[in-house]
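As provided, protein_7.cif (mmCIF, C-alpha atoms) reads as follows.
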data_work
#
loop_
_atom_site.label_atom_id
_atom_site.label_comp_id
_atom_site.auth_asym_id
_atom_site.auth_seq_id
_atom_site.Cartn_x
_atom_site.Cartn_y
_atom_site.Cartn_z
CA MET A 1 6.98 -39.49 -0.06
CA ASP A 2 9.47 -41.06 2.33
CA TYR A 3 8.23 -41.61 5.83
CA ASP A 4 10.62 -41.40 8.75
CA PHE A 5 9.80 -44.65 10.56
CA GLU A 6 12.52 -44.11 13.18
CA ASN A 7 11.05 -40.76 14.14
CA PHE A 8 7.56 -42.29 14.21
CA ALA A 9 8.77 -45.13 16.45
CA SER A 10 10.40 -42.70 18.88
CA GLU A 11 7.18 -40.64 18.99
CA LEU A 12 5.20 -43.78 19.87
CA GLN A 13 7.63 -44.57 22.70
CA ASN A 14 6.76 -41.19 24.24
CA VAL A 15 3.04 -42.03 24.31
CA SER A 16 1.73 -44.07 27.21
CA GLU A 17 -0.62 -47.02 26.79
CA ASP A 18 -3.44 -44.86 28.19
CA GLY A 19 -2.60 -42.14 25.68
CA ILE A 20 -2.68 -44.57 22.76
CA SER A 21 -5.97 -45.97 24.01
CA ARG A 22 -7.47 -42.47 24.30
CA ILE A 23 -6.26 -41.52 20.80
CA ALA A 24 -7.66 -44.74 19.33
CA SER A 25 -10.97 -44.12 21.09
CA LEU A 26 -11.19 -40.58 19.70
CA VAL A 27 -10.35 -41.83 16.19
CA ARG A 28 -13.21 -44.35 16.43
CA GLN A 29 -15.51 -41.63 17.79
CA GLN A 30 -14.67 -39.27 14.91
CA LEU A 31 -15.20 -42.01 12.32
CA SER A 32 -18.52 -42.92 13.93
CA LEU A 33 -19.64 -39.28 13.87
CA GLU A 34 -18.61 -38.94 10.21
CA ASP A 35 -20.68 -42.03 9.37
CA ARG A 36 -23.64 -40.59 11.30
CA ILE A 37 -23.34 -37.26 9.47
CA ASN A 38 -23.36 -39.08 6.11
CA ASP A 39 -26.40 -41.13 7.17
CA LEU A 40 -28.29 -38.02 8.37
CA GLU A 41 -27.48 -36.13 5.17
CA ALA A 42 -28.78 -39.06 3.11
CA GLU A 43 -31.91 -39.23 5.27
CA LEU A 44 -32.45 -35.46 4.94
CA LYS A 45 -32.15 -35.72 1.15
CA ALA A 46 -34.74 -38.51 1.10
CA VAL A 47 -37.14 -36.55 3.34
CA LYS A 48 -36.78 -33.48 1.12
CA GLN A 49 -37.65 -35.62 -1.92
CA GLN A 50 -40.72 -36.97 -0.11
CA HIS A 51 -41.74 -33.43 0.85
CA SER A 52 -41.42 -32.29 -2.77
CA ALA A 53 -43.51 -35.23 -3.94
CA VAL A 54 -46.30 -34.38 -1.48
CA SER A 55 -46.23 -30.59 -1.94
CA GLU A 56 -45.74 -30.57 -5.72
CA GLU A 57 -47.62 -33.69 -6.81
CA HIS A 58 -49.83 -35.60 -4.36
CA LEU A 59 -51.52 -32.77 -2.41
CA PRO A 60 -52.14 -30.49 -5.45
CA ALA A 61 -53.49 -33.49 -7.40
CA ALA A 62 -55.81 -34.52 -4.57
CA MET A 63 -57.11 -30.99 -4.15
CA ALA A 64 -57.61 -30.61 -7.94
CA GLU A 65 -59.42 -33.95 -8.06
CA HIS A 66 -61.94 -32.58 -5.58
CA GLY A 67 -62.10 -29.09 -7.11
CA VAL A 68 -60.40 -27.37 -4.17
CA ARG A 69 -57.67 -24.66 -4.51
CA GLN A 70 -57.71 -23.66 -0.85
CA PHE A 71 -58.46 -25.66 2.27
CA LYS A 72 -58.69 -24.67 5.93
CA MET A 73 -58.04 -27.21 8.66
CA ILE A 74 -59.77 -27.27 12.03
CA ASP A 75 -56.52 -26.18 13.76
CA GLY A 76 -56.46 -23.01 11.64
CA SER A 77 -53.86 -24.24 9.16
CA GLU A 78 -54.53 -23.15 5.60
CA VAL A 79 -53.47 -25.00 2.47
CA THR A 80 -53.28 -23.09 -0.80
CA VAL A 81 -52.28 -24.45 -4.19
CA SER A 82 -50.62 -22.03 -6.56
CA LYS A 83 -48.56 -22.19 -9.73
CA TYR A 84 -44.87 -22.91 -9.35
CA TYR A 85 -42.41 -21.76 -11.99
CA GLY A 86 -38.94 -23.12 -12.36
CA ALA A 87 -36.29 -22.36 -14.93
CA SER A 88 -32.59 -22.82 -15.41
CA ILE A 89 -30.55 -22.41 -18.54
CA PRO A 90 -28.73 -25.66 -19.42
CA LYS A 91 -24.96 -25.12 -19.84
CA ASP A 92 -25.01 -26.46 -23.40
CA LYS A 93 -27.80 -24.01 -24.35
CA THR A 94 -26.46 -20.74 -22.86
CA ASP A 95 -25.46 -19.10 -26.14
CA GLU A 96 -28.75 -20.06 -27.75
CA ALA A 97 -30.78 -18.92 -24.72
CA PHE A 98 -28.92 -15.59 -24.48
CA GLY A 99 -29.46 -15.13 -28.23
CA TRP A 100 -33.20 -15.77 -27.81
CA LEU A 101 -33.39 -13.24 -24.97
CA ASP A 102 -31.52 -10.66 -27.05
CA THR A 103 -33.61 -11.25 -30.19
CA ASN A 104 -36.86 -10.98 -28.25
CA GLY A 105 -35.98 -7.75 -26.44
CA PHE A 106 -34.94 -9.24 -23.10
CA GLY A 107 -31.15 -8.97 -23.48
CA ASP A 108 -30.98 -6.73 -20.43
CA LEU A 109 -31.59 -9.82 -18.26
CA VAL A 110 -28.15 -11.15 -19.22
CA LYS A 111 -25.39 -9.93 -16.97
CA ASN A 112 -21.89 -9.58 -18.38
CA GLN A 113 -18.60 -9.75 -16.59
CA ILE A 114 -15.22 -9.77 -18.38
CA ALA A 115 -11.91 -11.22 -17.05
CA VAL A 116 -8.59 -11.86 -18.77
CA SER A 117 -6.06 -14.52 -17.70
CA PHE A 118 -2.41 -14.41 -18.60
CA GLY A 119 0.32 -17.01 -18.47
CA ARG A 120 3.79 -16.83 -17.00
CA ASN A 121 5.99 -13.95 -18.08
CA GLU A 122 2.99 -11.99 -19.39
CA GLY A 123 2.86 -9.59 -16.46
CA ASN A 124 3.73 -6.54 -18.59
CA ARG A 125 1.08 -7.43 -21.15
CA ALA A 126 -1.51 -7.90 -18.39
CA ASP A 127 -0.56 -4.56 -16.83
CA ASN A 128 -0.88 -2.79 -20.21
CA ILE A 129 -4.32 -4.24 -21.00
CA TYR A 130 -5.55 -3.60 -17.46
CA ALA A 131 -4.35 0.01 -17.64
CA MET A 132 -5.99 0.43 -21.07
CA LEU A 133 -9.34 -0.88 -19.81
CA GLU A 134 -9.11 1.26 -16.68
CA GLU A 135 -8.39 4.35 -18.82
CA ASP A 136 -11.62 3.63 -20.71
CA GLY A 137 -13.46 3.37 -17.37
CA TYR A 138 -13.69 -0.45 -17.13
CA ALA A 139 -12.68 -2.99 -14.50
CA PRO A 140 -11.82 -6.12 -16.54
CA SER A 141 -13.42 -9.58 -16.01
CA ARG A 142 -15.98 -11.64 -18.08
CA LYS A 143 -18.81 -13.92 -17.21
CA LYS A 144 -22.34 -14.06 -18.68
CA TRP A 145 -25.35 -15.24 -16.73
CA VAL A 146 -28.93 -14.54 -15.75
CA GLU A 147 -29.62 -14.45 -12.03
CA PRO A 148 -31.73 -17.53 -11.12
CA MET A 149 -34.46 -15.57 -9.32
CA THR A 150 -34.58 -13.04 -12.18
CA LEU A 151 -34.99 -15.88 -14.69
CA LYS A 152 -37.73 -17.48 -12.61
CA ALA A 153 -39.62 -14.16 -12.28
CA PHE A 154 -39.15 -13.46 -16.00
CA VAL A 155 -40.52 -16.89 -16.95
CA LYS A 156 -43.53 -16.49 -14.66
CA GLU A 157 -44.28 -13.01 -16.02
CA GLN A 158 -43.97 -14.10 -19.66
CA VAL A 159 -45.99 -17.32 -19.29
CA GLU A 160 -48.77 -15.50 -17.47
CA ALA A 161 -48.76 -12.85 -20.24
CA GLY A 162 -49.14 -15.64 -22.82
CA THR A 163 -45.66 -15.30 -24.33
CA GLU A 164 -44.27 -18.48 -25.87
CA ILE A 165 -41.01 -19.42 -24.08
CA PRO A 166 -38.77 -22.19 -25.54
CA SER A 167 -38.73 -24.67 -22.65
CA ASP A 168 -35.63 -26.51 -23.89
CA LEU A 169 -33.54 -23.30 -23.70
CA PHE A 170 -34.72 -22.36 -20.24
CA GLY A 171 -35.33 -25.71 -18.52
CA LEU A 172 -38.87 -24.49 -18.04
CA PHE A 173 -40.98 -26.20 -15.39
CA ILE A 174 -44.50 -25.17 -14.48
CA GLY A 175 -46.45 -27.03 -11.87
CA ASP A 176 -48.69 -26.64 -8.86
CA LYS A 177 -47.34 -26.41 -5.36
CA ALA A 178 -49.20 -26.65 -2.08
CA LYS A 179 -48.20 -24.18 0.60
CA ILE A 180 -49.33 -24.56 4.16
CA LYS A 181 -49.71 -21.70 6.59
CA LYS A 182 -49.73 -23.27 10.05
CA GLY A 183 -52.53 -22.49 12.45
CA LYS A 184 -52.04 -21.41 16.02
#
Show me this structure written as structure tokens.
Amino acid sequence: MDYDFENFASELQNVSEDGISRIASLVRQQLSLEDRINDLEAELKAVKQQHSAVSEEHLPAAMAEHGVRQFKMIDGSEVTVSKYYGASIPKDKTDEAFGWLDTNGFGDLVKNQIAVSFGRNEGNRADNIYAMLEEDGYAPSRKKWVEPMTLKAFVKEQVEAGTEIPSDLFGLFIGDKAKIKKGK
């Protein structure tokens, strides 16, 4: 890209020294704010990791060590430890996971969406296929997935019912999590 240095030089001539100083100051202010945002986001990420460690590991372990599943503080806050279920289908296991769901009678959890892409000069072909699908009562597009909350609820339901779930296909995670209801 060619840059018009003459035009740039004439623009600078139209800006006073105070104007240049103000612009430079605002540039430094914006850069400083961007750095601060990055620092705060990094700090927030670290605090969230600490919170997860306490709520999912340290506090449930301490309560289990002392045989306590629920605890009430003097300020009225209540701590309860309950099972936490997590699941997410790894991208490289989707076909296998969907197959398992289908084979085991849970295929209705998988959502389907179909889409067709066409290249240049294939407008007529696209119009014909679209019209054909519409005539059959369809709106074309394709994507297969299981809603994350649906998968999590399914996993919880099946594990609690004693059904064996392949953890490698569903990224299965079961742990304890402490929840605190604040007192007044």
- Task: To verify the selection step, state as a count of residues only which residues the PyMOL selection byres ((chain A and resi 150) around 12) yields on this input.
- Result: 21
- Residue members of the PyMOL selection byres ((chain A and resi 82) around 6) in the file shown, as a PyMOL selection string: chain A and resi 81+83+176-177
- Query: Using only C-alpha atoms, which of A:Ala46, A:Val15, A:Leu33, A:Val79 sits nearest A:Pro60?
  - Reply: A:Val79
- Task: Counting only C-alpha atoms, note down every residue that has an atom within 7 Å of the point (-29.3, -13.5, -23.4) (file coordinates), as a PyMOL selection string.
- Result: chain A and resi 97-102+107+109-110
- Item | One-decimal distance in Å that lies between atom CA of A:Glu78 and atom CA of A:His58 | 16.6 Å
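Going from atom CA of A:Ile74 to atom CA of A:Val47 covers 26.0 Å.
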- Counting all atoms listed in the file, the option among A:Ser117, A:Thr94, A:Ser77, A:Thr103 closest to A:Lys182: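 Looking only at the distances to A:Lys182, the closest residue turns out to be A:Ser77.
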- Task: Mind checking which residues fall within 12 Å of A:Asp127, counting only C-alpha atoms, ignoring those fewer than 5 positions away in the same chain, and posting them as an MDAnalysis selection string?
- Result: chainID A and resid 116:118 121:122 132:134 140
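Nearest to A:Val159 of all the residues A:Arg120, A:Ala115, A:Tyr130, A:Tyr84 is A:Tyr84, counting all atoms listed in the file.
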